[in-house]
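Data block for entry_38.txt (compact mmCIF, N, CA and C atoms):
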# COMPACT_ATOMS: atom_id res chain seq x y z
N MET A 127 14.66 -11.50 -0.51
CA MET A 127 13.63 -10.48 -0.53
C MET A 127 13.21 -10.23 -1.97
N ALA A 128 11.91 -10.30 -2.18
CA ALA A 128 11.39 -10.01 -3.51
C ALA A 128 10.19 -9.09 -3.39
N ILE A 129 10.34 -7.90 -3.92
CA ILE A 129 9.22 -6.98 -4.03
C ILE A 129 9.01 -6.76 -5.52
N GLN A 130 7.81 -7.06 -5.96
CA GLN A 130 7.51 -6.94 -7.37
C GLN A 130 6.31 -6.03 -7.57
N PHE A 131 6.26 -5.40 -8.75
CA PHE A 131 5.20 -4.48 -9.08
C PHE A 131 4.52 -4.94 -10.37
N PHE A 132 3.20 -5.02 -10.34
CA PHE A 132 2.41 -5.47 -11.48
C PHE A 132 1.30 -4.47 -11.74
N GLU A 133 0.64 -4.63 -12.87
CA GLU A 133 -0.52 -3.81 -13.18
C GLU A 133 -1.62 -4.71 -13.73
N GLU A 134 -2.85 -4.38 -13.37
CA GLU A 134 -4.03 -5.10 -13.84
C GLU A 134 -5.08 -4.10 -14.27
N GLU A 135 -5.53 -4.23 -15.51
CA GLU A 135 -6.60 -3.40 -16.07
C GLU A 135 -6.31 -1.91 -16.01
N ILE A 136 -5.04 -1.56 -16.01
CA ILE A 136 -4.67 -0.15 -16.00
C ILE A 136 -3.23 -0.05 -16.50
N LYS A 137 -2.92 1.05 -17.13
CA LYS A 137 -1.54 1.28 -17.55
C LYS A 137 -0.91 2.20 -16.51
N PHE A 138 0.06 1.64 -15.79
CA PHE A 138 0.72 2.42 -14.75
C PHE A 138 2.12 1.85 -14.54
N GLN A 139 3.10 2.71 -14.57
CA GLN A 139 4.47 2.32 -14.30
C GLN A 139 4.98 3.10 -13.10
N LEU A 140 5.36 2.38 -12.06
CA LEU A 140 5.92 3.02 -10.88
C LEU A 140 7.30 3.56 -11.23
N LYS A 141 7.52 4.83 -10.90
CA LYS A 141 8.83 5.44 -11.13
C LYS A 141 9.75 5.06 -9.98
N GLU A 142 11.02 4.96 -10.25
CA GLU A 142 12.04 4.68 -9.23
C GLU A 142 11.75 3.40 -8.44
N LYS A 143 11.54 2.31 -9.17
CA LYS A 143 11.19 1.03 -8.53
C LYS A 143 12.21 0.61 -7.49
N ASN A 144 13.48 0.75 -7.79
CA ASN A 144 14.52 0.32 -6.84
C ASN A 144 14.49 1.15 -5.56
N LYS A 145 14.23 2.45 -5.70
CA LYS A 145 14.12 3.30 -4.52
C LYS A 145 12.92 2.87 -3.67
N HIS A 146 11.82 2.55 -4.31
CA HIS A 146 10.64 2.08 -3.59
C HIS A 146 10.94 0.76 -2.86
N LYS A 147 11.65 -0.12 -3.51
CA LYS A 147 11.99 -1.41 -2.88
C LYS A 147 12.86 -1.20 -1.65
N LYS A 148 13.87 -0.34 -1.75
CA LYS A 148 14.72 -0.03 -0.60
C LYS A 148 13.92 0.58 0.53
N TRP A 149 13.02 1.47 0.17
CA TRP A 149 12.16 2.15 1.14
C TRP A 149 11.26 1.15 1.87
N LEU A 150 10.62 0.27 1.14
CA LEU A 150 9.74 -0.72 1.75
C LEU A 150 10.52 -1.66 2.65
N LYS A 151 11.70 -2.03 2.24
CA LYS A 151 12.56 -2.89 3.06
C LYS A 151 12.93 -2.17 4.36
N LYS A 152 13.22 -0.86 4.25
CA LYS A 152 13.57 -0.07 5.44
C LYS A 152 12.39 0.00 6.41
N ILE A 153 11.18 0.21 5.89
CA ILE A 153 10.00 0.25 6.75
C ILE A 153 9.88 -1.05 7.53
N ALA A 154 10.00 -2.16 6.82
CA ALA A 154 9.88 -3.49 7.45
C ALA A 154 10.97 -3.68 8.51
N GLU A 155 12.21 -3.39 8.15
CA GLU A 155 13.32 -3.61 9.07
C GLU A 155 13.19 -2.76 10.33
N GLU A 156 12.76 -1.50 10.16
CA GLU A 156 12.60 -0.64 11.34
C GLU A 156 11.50 -1.15 12.28
N GLY A 157 10.57 -1.92 11.73
CA GLY A 157 9.51 -2.50 12.54
C GLY A 157 9.84 -3.90 13.04
N GLY A 158 11.06 -4.36 12.77
CA GLY A 158 11.47 -5.68 13.23
C GLY A 158 11.05 -6.82 12.31
N TYR A 159 10.78 -6.50 11.05
CA TYR A 159 10.34 -7.49 10.07
C TYR A 159 11.33 -7.59 8.92
N SER A 160 11.24 -8.71 8.20
CA SER A 160 11.96 -8.84 6.94
C SER A 160 10.91 -9.11 5.86
N ILE A 161 11.30 -8.91 4.63
CA ILE A 161 10.38 -9.13 3.53
C ILE A 161 10.76 -10.42 2.81
N GLY A 162 9.80 -11.31 2.74
CA GLY A 162 9.97 -12.52 1.95
C GLY A 162 9.59 -12.20 0.52
N GLU A 163 8.28 -12.02 0.29
CA GLU A 163 7.80 -11.64 -1.02
C GLU A 163 6.56 -10.77 -0.89
N ILE A 164 6.60 -9.62 -1.54
CA ILE A 164 5.44 -8.74 -1.62
C ILE A 164 5.19 -8.43 -3.09
N ASN A 165 3.96 -8.64 -3.49
CA ASN A 165 3.53 -8.28 -4.84
C ASN A 165 2.57 -7.11 -4.73
N TYR A 166 2.99 -5.97 -5.26
CA TYR A 166 2.10 -4.81 -5.35
C TYR A 166 1.45 -4.87 -6.73
N VAL A 167 0.12 -4.84 -6.73
CA VAL A 167 -0.64 -4.89 -7.98
C VAL A 167 -1.40 -3.58 -8.10
N PHE A 168 -0.99 -2.77 -9.06
CA PHE A 168 -1.66 -1.50 -9.32
C PHE A 168 -2.78 -1.78 -10.31
N CYS A 169 -3.98 -1.32 -9.98
CA CYS A 169 -5.14 -1.71 -10.77
C CYS A 169 -6.16 -0.58 -10.85
N SER A 170 -7.28 -0.88 -11.52
CA SER A 170 -8.37 0.08 -11.68
C SER A 170 -9.36 -0.05 -10.52
N ASP A 171 -10.23 0.94 -10.39
CA ASP A 171 -11.31 0.86 -9.41
C ASP A 171 -12.15 -0.40 -9.62
N GLU A 172 -12.50 -0.66 -10.88
CA GLU A 172 -13.36 -1.80 -11.18
C GLU A 172 -12.72 -3.11 -10.75
N TYR A 173 -11.44 -3.26 -11.04
CA TYR A 173 -10.72 -4.50 -10.68
C TYR A 173 -10.70 -4.69 -9.16
N LEU A 174 -10.38 -3.63 -8.43
CA LEU A 174 -10.30 -3.74 -6.97
C LEU A 174 -11.69 -3.89 -6.35
N HIS A 175 -12.68 -3.27 -6.95
CA HIS A 175 -14.06 -3.43 -6.47
C HIS A 175 -14.46 -4.90 -6.57
N GLN A 176 -14.11 -5.56 -7.64
CA GLN A 176 -14.42 -6.99 -7.80
C GLN A 176 -13.70 -7.82 -6.73
N LYS A 177 -12.46 -7.49 -6.43
CA LYS A 177 -11.73 -8.19 -5.36
C LYS A 177 -12.42 -7.96 -4.02
N ASN A 178 -12.86 -6.73 -3.79
CA ASN A 178 -13.53 -6.37 -2.55
C ASN A 178 -14.82 -7.18 -2.39
N LEU A 179 -15.57 -7.31 -3.47
CA LEU A 179 -16.81 -8.11 -3.44
C LEU A 179 -16.50 -9.60 -3.25
N GLU A 180 -15.58 -10.09 -4.04
CA GLU A 180 -15.28 -11.52 -4.06
C GLU A 180 -14.69 -12.04 -2.76
N TYR A 181 -13.73 -11.32 -2.21
CA TYR A 181 -13.00 -11.83 -1.05
C TYR A 181 -13.47 -11.27 0.29
N LEU A 182 -14.00 -10.04 0.29
CA LEU A 182 -14.37 -9.40 1.55
C LEU A 182 -15.86 -9.13 1.68
N ASN A 183 -16.60 -9.38 0.59
CA ASN A 183 -18.05 -9.16 0.56
C ASN A 183 -18.39 -7.70 0.89
N HIS A 184 -17.53 -6.77 0.43
CA HIS A 184 -17.76 -5.34 0.61
C HIS A 184 -18.10 -4.73 -0.74
N ASP A 185 -19.24 -4.10 -0.86
CA ASP A 185 -19.65 -3.48 -2.11
C ASP A 185 -19.30 -1.99 -2.10
N THR A 186 -18.00 -1.72 -1.94
CA THR A 186 -17.53 -0.33 -1.89
C THR A 186 -16.23 -0.21 -2.68
N LEU A 187 -15.94 1.02 -3.08
CA LEU A 187 -14.63 1.31 -3.67
C LEU A 187 -13.65 1.49 -2.52
N THR A 188 -12.42 1.10 -2.75
CA THR A 188 -11.37 1.27 -1.76
C THR A 188 -10.07 1.55 -2.49
N ASP A 189 -9.11 2.12 -1.78
CA ASP A 189 -7.81 2.41 -2.40
C ASP A 189 -6.85 1.24 -2.30
N ILE A 190 -7.05 0.36 -1.30
CA ILE A 190 -6.09 -0.72 -1.08
C ILE A 190 -6.76 -1.92 -0.42
N ILE A 191 -6.33 -3.09 -0.85
CA ILE A 191 -6.67 -4.34 -0.17
C ILE A 191 -5.36 -5.11 -0.02
N THR A 192 -5.11 -5.55 1.20
CA THR A 192 -3.88 -6.28 1.51
C THR A 192 -4.23 -7.71 1.90
N PHE A 193 -3.63 -8.67 1.19
CA PHE A 193 -3.80 -10.08 1.51
C PHE A 193 -2.50 -10.57 2.15
N ASP A 194 -2.60 -10.92 3.41
CA ASP A 194 -1.44 -11.36 4.18
C ASP A 194 -1.21 -12.85 3.94
N ASN A 195 -0.08 -13.18 3.35
CA ASN A 195 0.29 -14.57 3.10
C ASN A 195 1.40 -15.04 4.04
N SER A 196 1.69 -14.21 5.06
CA SER A 196 2.79 -14.51 5.98
C SER A 196 2.47 -15.74 6.81
N GLU A 197 3.52 -16.42 7.21
CA GLU A 197 3.37 -17.61 8.05
C GLU A 197 4.13 -17.43 9.36
N GLY A 198 4.07 -16.23 9.91
CA GLY A 198 4.74 -15.97 11.18
C GLY A 198 6.17 -15.54 11.02
N ASP A 199 6.95 -15.72 12.05
CA ASP A 199 8.39 -15.43 12.15
C ASP A 199 8.83 -14.06 11.63
N ASN A 200 7.95 -13.06 11.70
CA ASN A 200 8.29 -11.68 11.32
C ASN A 200 8.79 -11.53 9.88
N LYS A 201 8.39 -12.46 9.02
CA LYS A 201 8.71 -12.34 7.60
C LYS A 201 7.42 -12.02 6.85
N ILE A 202 7.42 -10.90 6.14
CA ILE A 202 6.23 -10.43 5.44
C ILE A 202 6.13 -11.07 4.06
N GLU A 203 4.97 -11.65 3.81
CA GLU A 203 4.61 -12.21 2.50
C GLU A 203 3.21 -11.71 2.21
N ALA A 204 2.99 -11.06 1.06
CA ALA A 204 1.67 -10.50 0.81
C ALA A 204 1.45 -10.15 -0.65
N ASP A 205 0.16 -10.03 -0.96
CA ASP A 205 -0.28 -9.44 -2.22
C ASP A 205 -1.05 -8.18 -1.84
N ILE A 206 -0.62 -7.05 -2.38
CA ILE A 206 -1.22 -5.76 -2.04
C ILE A 206 -1.75 -5.15 -3.33
N PHE A 207 -3.08 -4.93 -3.36
CA PHE A 207 -3.74 -4.37 -4.52
C PHE A 207 -4.06 -2.91 -4.25
N ILE A 208 -3.67 -2.04 -5.18
CA ILE A 208 -3.88 -0.60 -5.03
C ILE A 208 -4.60 -0.06 -6.25
N SER A 209 -5.74 0.61 -6.02
CA SER A 209 -6.47 1.26 -7.10
C SER A 209 -5.82 2.61 -7.41
N ILE A 210 -5.26 2.70 -8.59
CA ILE A 210 -4.66 3.97 -9.01
C ILE A 210 -5.75 5.03 -9.19
N ASP A 211 -6.95 4.60 -9.62
CA ASP A 211 -8.07 5.53 -9.74
C ASP A 211 -8.38 6.19 -8.40
N ARG A 212 -8.40 5.41 -7.32
CA ARG A 212 -8.68 5.94 -5.98
C ARG A 212 -7.56 6.85 -5.51
N VAL A 213 -6.31 6.47 -5.80
CA VAL A 213 -5.17 7.29 -5.39
C VAL A 213 -5.24 8.65 -6.07
N ILE A 214 -5.58 8.65 -7.35
CA ILE A 214 -5.73 9.91 -8.08
C ILE A 214 -6.85 10.74 -7.46
N ASP A 215 -8.01 10.11 -7.25
CA ASP A 215 -9.15 10.81 -6.67
C ASP A 215 -8.83 11.37 -5.28
N ASN A 216 -8.22 10.54 -4.44
CA ASN A 216 -7.86 10.97 -3.09
C ASN A 216 -6.88 12.15 -3.11
N SER A 217 -5.89 12.06 -3.99
CA SER A 217 -4.89 13.13 -4.04
C SER A 217 -5.52 14.45 -4.47
N GLN A 218 -6.44 14.37 -5.42
CA GLN A 218 -7.12 15.60 -5.87
C GLN A 218 -8.04 16.14 -4.78
N ARG A 219 -8.78 15.25 -4.13
CA ARG A 219 -9.72 15.66 -3.09
C ARG A 219 -8.98 16.28 -1.90
N MET A 220 -7.81 15.75 -1.56
CA MET A 220 -7.04 16.26 -0.42
C MET A 220 -6.02 17.32 -0.82
N ASP A 221 -5.96 17.61 -2.12
CA ASP A 221 -5.05 18.62 -2.66
C ASP A 221 -3.60 18.32 -2.28
N ILE A 222 -3.19 17.08 -2.53
CA ILE A 222 -1.79 16.68 -2.34
C ILE A 222 -1.29 16.03 -3.63
N LEU A 223 0.00 15.91 -3.74
CA LEU A 223 0.58 15.29 -4.93
C LEU A 223 0.18 13.82 -5.02
N PHE A 224 -0.05 13.36 -6.25
CA PHE A 224 -0.35 11.95 -6.48
C PHE A 224 0.74 11.07 -5.88
N GLU A 225 1.99 11.43 -6.08
CA GLU A 225 3.11 10.63 -5.60
C GLU A 225 3.08 10.49 -4.07
N THR A 226 2.71 11.55 -3.38
CA THR A 226 2.63 11.51 -1.92
C THR A 226 1.51 10.58 -1.46
N GLU A 227 0.36 10.68 -2.11
CA GLU A 227 -0.76 9.80 -1.76
C GLU A 227 -0.42 8.34 -2.08
N LEU A 228 0.28 8.10 -3.17
CA LEU A 228 0.69 6.73 -3.49
C LEU A 228 1.62 6.18 -2.42
N LEU A 229 2.55 6.99 -1.94
CA LEU A 229 3.44 6.56 -0.86
C LEU A 229 2.64 6.24 0.40
N ARG A 230 1.63 7.05 0.70
CA ARG A 230 0.80 6.81 1.87
C ARG A 230 0.11 5.46 1.77
N VAL A 231 -0.48 5.20 0.61
CA VAL A 231 -1.22 3.95 0.42
C VAL A 231 -0.27 2.75 0.42
N MET A 232 0.87 2.88 -0.25
CA MET A 232 1.83 1.77 -0.26
C MET A 232 2.32 1.46 1.16
N SER A 233 2.62 2.49 1.93
CA SER A 233 3.08 2.26 3.30
C SER A 233 1.95 1.73 4.17
N HIS A 234 0.72 2.15 3.91
CA HIS A 234 -0.44 1.68 4.66
C HIS A 234 -0.53 0.16 4.60
N GLY A 235 -0.33 -0.40 3.42
CA GLY A 235 -0.40 -1.85 3.26
C GLY A 235 0.65 -2.57 4.07
N ILE A 236 1.87 -2.11 4.01
CA ILE A 236 2.95 -2.79 4.75
C ILE A 236 2.78 -2.59 6.26
N LEU A 237 2.27 -1.42 6.66
CA LEU A 237 2.03 -1.19 8.09
C LEU A 237 0.96 -2.16 8.62
N HIS A 238 -0.07 -2.41 7.83
CA HIS A 238 -1.06 -3.42 8.24
C HIS A 238 -0.39 -4.77 8.46
N LEU A 239 0.51 -5.13 7.57
CA LEU A 239 1.20 -6.41 7.67
C LEU A 239 2.11 -6.48 8.90
N MET A 240 2.46 -5.33 9.43
CA MET A 240 3.30 -5.26 10.62
C MET A 240 2.45 -5.12 11.89
N GLY A 241 1.15 -5.24 11.74
CA GLY A 241 0.28 -5.25 12.90
C GLY A 241 -0.47 -3.96 13.20
N TYR A 242 -0.24 -2.91 12.42
CA TYR A 242 -0.98 -1.67 12.64
C TYR A 242 -2.42 -1.85 12.17
N LYS A 243 -3.33 -1.29 12.93
CA LYS A 243 -4.76 -1.39 12.61
C LYS A 243 -5.32 0.00 12.39
N ASP A 244 -6.56 0.06 11.85
CA ASP A 244 -7.18 1.36 11.61
C ASP A 244 -8.70 1.31 11.72
N LYS A 245 -9.18 0.57 12.70
CA LYS A 245 -10.63 0.48 12.91
C LYS A 245 -11.11 1.49 13.95
N LYS A 246 -10.37 1.68 15.01
CA LYS A 246 -10.72 2.63 16.06
C LYS A 246 -10.00 3.95 15.82
N GLU A 247 -10.56 5.01 16.40
CA GLU A 247 -10.00 6.35 16.18
C GLU A 247 -8.53 6.44 16.58
N GLU A 248 -8.17 5.88 17.74
CA GLU A 248 -6.77 5.95 18.18
C GLU A 248 -5.86 5.13 17.26
N GLU A 249 -6.38 4.05 16.69
CA GLU A 249 -5.59 3.25 15.74
C GLU A 249 -5.37 4.02 14.44
N VAL A 250 -6.40 4.71 14.00
CA VAL A 250 -6.29 5.52 12.79
C VAL A 250 -5.23 6.60 12.98
N LEU A 251 -5.25 7.28 14.12
CA LEU A 251 -4.26 8.33 14.39
C LEU A 251 -2.84 7.78 14.39
N LYS A 252 -2.65 6.62 15.00
CA LYS A 252 -1.33 5.99 15.02
C LYS A 252 -0.90 5.58 13.61
N MET A 253 -1.85 5.03 12.83
CA MET A 253 -1.55 4.63 11.45
C MET A 253 -1.15 5.84 10.63
N ARG A 254 -1.89 6.94 10.73
CA ARG A 254 -1.57 8.15 9.96
C ARG A 254 -0.20 8.69 10.33
N LYS A 255 0.12 8.68 11.61
CA LYS A 255 1.44 9.14 12.05
C LYS A 255 2.54 8.28 11.43
N MET A 256 2.35 6.98 11.44
CA MET A 256 3.35 6.09 10.86
C MET A 256 3.46 6.26 9.35
N GLU A 257 2.33 6.49 8.69
CA GLU A 257 2.37 6.75 7.25
C GLU A 257 3.21 8.00 6.97
N GLU A 258 3.03 9.03 7.77
CA GLU A 258 3.81 10.26 7.59
C GLU A 258 5.30 10.01 7.80
N VAL A 259 5.63 9.19 8.80
CA VAL A 259 7.03 8.83 9.03
C VAL A 259 7.59 8.11 7.81
N CYS A 260 6.81 7.19 7.26
CA CYS A 260 7.24 6.43 6.09
C CYS A 260 7.46 7.33 4.88
N ILE A 261 6.52 8.24 4.65
CA ILE A 261 6.64 9.17 3.53
C ILE A 261 7.89 10.03 3.69
N HIS A 262 8.13 10.49 4.91
CA HIS A 262 9.32 11.30 5.20
C HIS A 262 10.60 10.50 4.88
N HIS A 263 10.63 9.22 5.26
CA HIS A 263 11.79 8.36 4.96
C HIS A 263 12.05 8.32 3.45
N PHE A 264 10.98 8.13 2.67
CA PHE A 264 11.14 8.04 1.22
C PHE A 264 11.69 9.34 0.67
N GLN A 265 11.12 10.44 1.12
CA GLN A 265 11.52 11.75 0.59
C GLN A 265 12.94 12.13 0.97
N ASN A 266 13.48 11.47 1.98
CA ASN A 266 14.86 11.78 2.42
C ASN A 266 15.85 10.69 2.07
N MET A 267 15.48 9.83 1.15
CA MET A 267 16.42 8.77 0.74
C MET A 267 17.31 9.29 -0.39
Re-express the file's structure as structure tokens.
Amino acid sequence: MAIQFFEEEIKFQLKEKNKHKKWLKKIAEEGGYSIGEINYVFCSDEYLHQKNLEYLNHDTLTDIITFDNSEGDNKIEADIFISIDRVIDNSQRMDILFETELLRVMSHGILHLMGYKDKKEEEVLKMRKMEEVCIHHFQNM
């Protein structure tokens, strides 16, 4: 299992990296998955906007883009890009702690890799519930 954290076009250091790695592994295991390799890339709005244009042809800002590199067998392999600018903006707009919103976004990426979707209203509700469960797990580790 390899979970790594990188930064692109932004200065950001994730606190408690080992705790985050244990937490992400727990999320995967509880869903019946194992982690092969996940690269979390913390970046700027501009950097992620370029990825959104280049790979998804979406001309919008987003907080996260997940690239699934898995090859089946319930082993997660991915590159997950997170805009720290969006996380900050979202946390301020929703009046929640930055750290809580970051946990939501980080768990959102891994939940997508485990098959959770968020296109329909009922899918969004299920995704939000699972994000809350994940955040609760982290806060109680």
*For atom N of Glu257 (chain A) and CA of Glu135 (chain A), determine how far apart the two atoms are, in Å to one decimal place.*
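Those two atoms sit 28.1 Å apart.
Minimum atom-to-atom distances from A:Met267, A:Ala128, A:Met256, A:Leu251 to Trp149 (chain A) were compared using only N, CA and C atoms, and the lowest value belongs to A:Met267.
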_Calculated over all atoms listed in the file, which of the candidates A:Phe132, A:Tyr159, A:Gln265, A:Lys141 has the smallest distance to Asp199 (chain A)?_
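Looking only at the distances to Asp199 (chain A), the closest residue turns out to be A:Tyr159.
Distance check against Phe224 (chain A) using only C-alpha atoms: of A:His238, A:Arg212, A:Lys243, A:Lys145, the minimum falls on A:Arg212.
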*atom C of His146 (chain A) and atom C of Glu172 (chain A), how far apart in Å?*
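If I compute the distance from atom C of Glu172 (chain A) to atom C of His146 (chain A), I get 25.2 Å.
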*asked:* So that I can check the surroundings of Lys201 (chain A), please list as an NGL selection string every protein, DNA and RNA residue that reaches within 12 Å of it, counting only C-alpha atoms and ignoring chain neighbours fewer than 2 positions away.
replied: :A and (127-128 or 151 or 154-155 or 157-164 or 194-199 or 203-204 or 236 or 239-240)
*For atom N of Asp211 (chain A) and atom C of Ser170 (chain A), quote the distance in Å rounded to one decimal.*
5.3 Å
*Nearest to Val231 (chain A) among A:Cys169, A:Ile136, A:Val213, A:Leu187, with distances taken over all atoms listed in the file: which residue is it?*
A:Val213
*Enumerate the residues of chain A with a DSSP assignment of helix (DSSP H, G or I), computed from the backbone, and present them as a PyMOL selection string.*
chain A and resi 143-156+171-182+210-220+224-239+247-265
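When only C-alpha atoms are used to compute distances to Asp215 (chain A), the closest of the residues A:Leu179, A:Leu228, A:Leu237, A:Ile129 turns out to be A:Leu228.
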_I'd like to know which of A:Lys245, A:Lys137, A:His234, A:Arg254 is closest to Ile190 (chain A), using only N, CA and C atoms._
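Residue with the minimum atom-to-atom distance to Ile190 (chain A): A:His234.
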_DSSP on the backbone, strand (DSSP E or B) only: what residues of region 197-257 of chain A does that give? Format it as an MDAnalysis selection string._
chainID A and resid 201:209
*For Met253 (chain A), please output as a PyMOL selection string all residues within 7 Å (counting only N, CA and C atoms; exclusion window: fewer than 5 positions along the same chain).*
chain A and resi 242-244+248+258
Within 8 Å of Leu174 (chain A) using all atoms listed in the file, minus same-chain residues under 6 positions, as a PDB file with N, CA and C atoms, in the frame of the given file:
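Writing done, so here's part_4.pdb:
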ATOM      1  N   GLU A 134      -2.850  -4.380 -13.370  1.00  0.00           N
ATOM      2  CA  GLU A 134      -4.030  -5.100 -13.840  1.00  0.00           C
ATOM      3  C   GLU A 134      -5.080  -4.100 -14.270  1.00  0.00           C
ATOM      4  N   GLU A 180     -15.580 -10.090  -4.040  1.00  0.00           N
ATOM      5  CA  GLU A 180     -15.280 -11.520  -4.060  1.00  0.00           C
ATOM      6  C   GLU A 180     -14.690 -12.040  -2.760  1.00  0.00           C
ATOM      7  N   THR A 186     -18.000  -1.720  -1.940  1.00  0.00           N
ATOM      8  CA  THR A 186     -17.530  -0.330  -1.890  1.00  0.00           C
ATOM      9  C   THR A 186     -16.230  -0.210  -2.680  1.00  0.00           C
ATOM     10  N   LEU A 187     -15.940   1.020  -3.080  1.00  0.00           N
ATOM     11  CA  LEU A 187     -14.630   1.310  -3.670  1.00  0.00           C
ATOM     12  C   LEU A 187     -13.650   1.490  -2.520  1.00  0.00           C
ATOM     13  N   THR A 188     -12.420   1.100  -2.750  1.00  0.00           N
ATOM     14  CA  THR A 188     -11.370   1.270  -1.760  1.00  0.00           C
ATOM     15  C   THR A 188     -10.070   1.550  -2.490  1.00  0.00           C
ATOM     16  N   ASP A 189      -9.110   2.120  -1.780  1.00  0.00           N
ATOM     17  CA  ASP A 189      -7.810   2.410  -2.400  1.00  0.00           C
ATOM     18  C   ASP A 189      -6.850   1.240  -2.300  1.00  0.00           C
ATOM     19  N   ILE A 190      -7.050   0.360  -1.300  1.00  0.00           N
ATOM     20  CA  ILE A 190      -6.090  -0.720  -1.080  1.00  0.00           C
ATOM     21  C   ILE A 190      -6.760  -1.920  -0.420  1.00  0.00           C
ATOM     22  N   ILE A 191      -6.330  -3.090  -0.850  1.00  0.00           N
ATOM     23  CA  ILE A 191      -6.670  -4.340  -0.170  1.00  0.00           C
ATOM     24  C   ILE A 191      -5.360  -5.110  -0.020  1.00  0.00           C
ATOM     25  N   PHE A 207      -3.080  -4.930  -3.360  1.00  0.00           N
ATOM     26  CA  PHE A 207      -3.740  -4.370  -4.520  1.00  0.00           C
ATOM     27  C   PHE A 207      -4.060  -2.910  -4.250  1.00  0.00           C
ATOM     28  N   ILE A 208      -3.670  -2.040  -5.180  1.00  0.00           N
ATOM     29  CA  ILE A 208      -3.880  -0.600  -5.030  1.00  0.00           C
ATOM     30  C   ILE A 208      -4.600  -0.060  -6.250  1.00  0.00           C
ATOM     31  N   SER A 209      -5.740   0.610  -6.020  1.00  0.00           N
ATOM     32  CA  SER A 209      -6.470   1.260  -7.100  1.00  0.00           C
ATOM     33  C   SER A 209      -5.820   2.610  -7.410  1.00  0.00           C
TER      34      SER A 209
END
